[in-house]
Every structure is written in structure tokens, then in C-alpha cells.
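The structure appears right after this line, and notes come after that.
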Amino acid sequence: MLGAVELEVRHLRALCAIADTGSVHRAARQLGMTQPSLTTQLRRIEQAVGGQLFSRDRTGSRPTPLGRTVLIRARPIVAEMSSLVSEVREAAGRAGGQRLRIGSTSSRAVPGWLRRIHHRLPDTDTVFQTDVSANALLRMVAANQLDAAFVHEVEGAPLRVPAEVELRVLVEREPQFVALPTDHPAAALPAADLTDLAEDQWMVDPNVDGDWDGLRRVFSTAGLDPRVVYGDYLTAADLVAAGEVVTPCQPTSRPRPGMVIRPLRGDPLAVRLLMASRAGRARAVEADALFTDLGSAYEEVAGDSDAYRRWREACGGAVLPLPGHRAVA
């Protein structure tokens, strides 16, 4: 009986993930499974309920009327189970000593953040988790599965912030740079203009919340329609070095052989850097300390990037807000 109940809960969690991400592929990554496995599971669920739960096309997956009915019942069950698991884990953590659960999207500041946390809290067991989806990390903070998460919000593509989550602004507007092959004509310039890259093939990861939407908005505003291919940013870096693509990147990114990092003239593409934590006075003191650690780690990698350091000097210096600055969600 327990096995059957566990299987049903996994099914409901899968349905919620597909609805939340709008894509079987993204949901599979969030759930830590392959897309074919999730597709097969979805077909079995639909066979069991006797109808199609999602309509699927090139743009993603959307709940059908039957799917919305099932989700209305599924979400409270999944939330209750997640809360139960979190409470049990938290109780186990208290019994076994202090534990801190940290999450982040990709950033070179993370190792320094963790190093500072270890130094400040040497007796605390720090558990780290990464995810390409900032929205998934925010949901984990809201469900008490993470104590804090470092995320980015693409300009023009706002995150879905749960009511239980409080945000602190690390950088109000961080410009996104571009990674170019070393033999690209724009590589010789101090900053690349979008028109210099209009004939290039761009690579973007559609699974990173907001990245493709933000880039598409920038192209549309500039009146450009370049070729775009999809892939993860680790693969993109290899293809940039091989001279096959250009790709947006964080200004703190470290170039590799065959690649240069350049700002985009006018800074048309930007993100807001945020630290998320559970709301409430009881958690505020520790969250402020984590935020201070994160700010120090970010400054370290920002100063280590030649392109970003030059950009910040041209803008008049550091761009970090005051420590603990709260965001309006």
C-alpha cells in the first residue's frame, strides 16, 4: 500500500512540474529524470484518468480542461506532502546538528559564498543544490526545502515569487555580456554592437528561466532576427571557442582559449541578482548574514573579471546596493 501511495504522489508531482514549467523537457530536468521517462509516465497517467491532461505543441505544454481539474486537486496534496517531508528533514537536521540548505542558479560567486559560510559557521552542515530554473529554486525556498537561494531575474521576464519568499537585491541591474570567438571582428572592439552580431548564430539555453524571452525581446527591439540554436551553456562555450556560435554570458564569466568576453554596447540585456529566503523576523538575521557573505563573494569574482572590471570603472565603480536591501516582489 505504501508503494502505491508513493507512486501516486510522484505522479501528481510530475503533473504539477509540467504545468509550472510549461514543458515536459523542463519538468524532467526539474524532477531529475529524462524526458522520455517523464513522457512515458505522463501517458500512463493519462491512460489511468481516461483523458488528455496537457495539450502539447512547439511552444510547450498547457493543461487541458481535464488537466486543470486534476491539478486543482493535485496541488494541495503535493504541497502537503512537500511540507511533511520538509518538517521531517528539519527535525532530523536538528537532531543531528545544525544544517543549512543553499541553492543557486549558475554563478562563479557560489564557491566563494560557500567558503565564507563554512568559515563563519564551521559546525554547520551546509548542503548545496543547483538548478537552471530560478522559479524552481524559489518554490523550494517557499516549501522550506532550501534556506536561501541565489537567483537571477531576466529583465522583462519577471520571476514567479511565492508569498512565503522574501527577496534581497544583490545587483539591481547586472549587464549581460557576449562570448565571442577570438577571431570574430567584434572581438577587437571594446564593446560589441548587436548589429555586429546580426549574421552570427546565437546559442541560448531555453531551460534557464527568462533567458530566451529576454534575448528575443532584445532582438525584436533592435529589429534583428538572427539564427538561434538551443543548448546548454557549457556546450555553448565549447562551440564559441570552435567559432560556431556566439552566446550571452554573465559579466563575471571567465574566458577560455579561443574565446573573448565583451560587453554589449548600450547594455540592452540585463538581469537582477537576488537572494531569496523564507519571510519572517526569526529568519531575518541569518538571511542578512548569508546576504553579506554572498555580496562579498560576488565582489571577489567581479573584480577578477577584466571585462566586467573595466565596465564597472567606466560606470563609476561598484554597482551593489546597500547590504540587506529588500526587493519589492
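Identifiers for the C-alpha cells are assigned positionally: chains receive A, B, ... in sequence, residues are indexed from 1 per chain, and ligands are indexed from 1 in the order shown.
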Residues near Asp304 in chain A, cut-off 12 Å, only C-alpha atoms, skip fewer than 2 positions along chain, as number ranges by chain: A: 108-109, 251-255, 297-302, 306-310
Could the residues in this selection be written to a file with N, CA and C atoms, as a compact mmCIF listing (two decimals), in the first residue's frame?
# COMPACT_ATOMS: atom_id res chain seq x y z
N ARG A 108 29.68 32.11 -10.81
CA ARG A 108 31.04 31.93 -10.31
C ARG A 108 31.17 32.41 -8.87
N ALA A 109 30.16 33.12 -8.36
CA ALA A 109 30.23 33.59 -6.98
C ALA A 109 29.92 32.50 -5.96
N PRO A 251 28.70 38.71 -16.88
CA PRO A 251 29.91 39.54 -16.99
C PRO A 251 31.08 39.00 -16.17
N THR A 252 30.79 38.15 -15.20
CA THR A 252 31.85 37.55 -14.39
C THR A 252 32.41 36.28 -15.03
N SER A 253 31.90 35.90 -16.20
CA SER A 253 32.37 34.68 -16.87
C SER A 253 33.85 34.78 -17.18
N ARG A 254 34.52 33.66 -17.09
CA ARG A 254 35.95 33.61 -17.35
C ARG A 254 36.18 33.05 -18.76
N PRO A 255 36.86 33.80 -19.64
CA PRO A 255 37.08 33.29 -21.00
C PRO A 255 38.01 32.08 -20.99
N ALA A 297 31.38 37.55 -1.83
CA ALA A 297 31.81 36.57 -2.84
C ALA A 297 31.62 37.12 -4.25
N TYR A 298 30.52 37.85 -4.45
CA TYR A 298 30.26 38.41 -5.78
C TYR A 298 31.30 39.48 -6.12
N GLU A 299 31.63 40.33 -5.16
CA GLU A 299 32.64 41.35 -5.41
C GLU A 299 33.98 40.72 -5.78
N GLU A 300 34.28 39.58 -5.17
CA GLU A 300 35.54 38.89 -5.45
C GLU A 300 35.62 38.47 -6.92
N VAL A 301 34.57 37.83 -7.43
CA VAL A 301 34.61 37.37 -8.82
C VAL A 301 34.43 38.53 -9.80
N ALA A 302 33.68 39.57 -9.38
CA ALA A 302 33.52 40.74 -10.25
C ALA A 302 34.86 41.43 -10.47
N ASP A 306 38.30 40.88 -16.03
CA ASP A 306 38.85 42.08 -16.65
C ASP A 306 37.77 42.89 -17.36
N ALA A 307 36.92 42.21 -18.15
CA ALA A 307 35.90 42.92 -18.93
C ALA A 307 34.89 43.60 -18.01
N TYR A 308 34.48 42.89 -16.95
CA TYR A 308 33.49 43.46 -16.04
C TYR A 308 34.10 44.58 -15.21
N ARG A 309 35.36 44.40 -14.81
CA ARG A 309 36.03 45.44 -14.02
C ARG A 309 36.13 46.74 -14.83
N ARG A 310 36.49 46.62 -16.12
CA ARG A 310 36.57 47.82 -16.96
C ARG A 310 35.20 48.45 -17.14
Report the residues of range 3-110 of chain A whose backbone DSSP state falls under strand (DSSP E or B), written as a VMD selection string. chain A and resid 54 to 57 60 to 63 99 to 104
Once you have the residues from the selection above, write them out as a compact mmCIF listing (two decimals), in the first residue's frame, restricted to N, CA and C atoms.
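Okay, this is what ended up in result-v7.txt:
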# COMPACT_ATOMS: atom_id res chain seq x y z
N PHE A 54 -2.67 17.37 -20.93
CA PHE A 54 -1.94 18.51 -21.46
C PHE A 54 -2.03 18.52 -22.98
N SER A 55 -2.20 19.70 -23.54
CA SER A 55 -2.08 19.87 -24.99
C SER A 55 -0.64 20.25 -25.27
N ARG A 56 -0.02 19.59 -26.24
CA ARG A 56 1.40 19.79 -26.48
C ARG A 56 1.63 20.27 -27.91
N ASP A 57 2.44 21.34 -28.04
CA ASP A 57 2.81 21.85 -29.36
C ASP A 57 4.23 22.40 -29.28
N GLY A 60 5.22 24.40 -26.09
CA GLY A 60 5.24 23.77 -24.77
C GLY A 60 4.00 22.98 -24.47
N SER A 61 3.70 22.81 -23.20
CA SER A 61 2.57 22.00 -22.73
C SER A 61 1.66 22.85 -21.86
N ARG A 62 0.37 22.81 -22.17
CA ARG A 62 -0.62 23.56 -21.40
C ARG A 62 -1.71 22.62 -20.92
N PRO A 63 -2.20 22.80 -19.69
CA PRO A 63 -3.25 21.90 -19.18
C PRO A 63 -4.53 22.01 -20.00
N ARG A 99 22.00 22.46 10.23
CA ARG A 99 22.12 22.23 8.80
C ARG A 99 21.63 23.47 8.07
N LEU A 100 22.34 23.84 7.00
CA LEU A 100 21.98 24.98 6.17
C LEU A 100 21.87 24.50 4.73
N ARG A 101 20.74 24.81 4.09
CA ARG A 101 20.47 24.33 2.73
C ARG A 101 20.47 25.53 1.77
N ILE A 102 21.43 25.51 0.85
CA ILE A 102 21.65 26.63 -0.05
C ILE A 102 21.42 26.17 -1.49
N GLY A 103 20.78 27.04 -2.30
CA GLY A 103 20.58 26.74 -3.71
C GLY A 103 21.03 27.91 -4.57
N SER A 104 21.27 27.64 -5.85
CA SER A 104 21.68 28.71 -6.75
C SER A 104 21.53 28.29 -8.20
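Compared by their closest atoms to Asp125 in chain A, and using only C-alpha atoms, the residues A:Thr69, A:Ala187, A:Gln98, A:Val271 rank with A:Gln98 nearest.
When CA of Leu71 in chain A is paired with CA of Leu15 in chain A, their separation reads 7.3 Å.
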Among range 53-189 of chain A, which residues does DSSP mark as helix (DSSP H, G or I) when it is run on the backbone? Keep the chain and numbering as in the structure and answer as a ChimeraX atom specification. /A:65-96,110-120,134-142,185-188
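Using only C-alpha atoms, the smallest distance between any of A:Ile45, A:Val260, A:Leu290, A:Leu146 and Ala188 in chain A comes from A:Val260.
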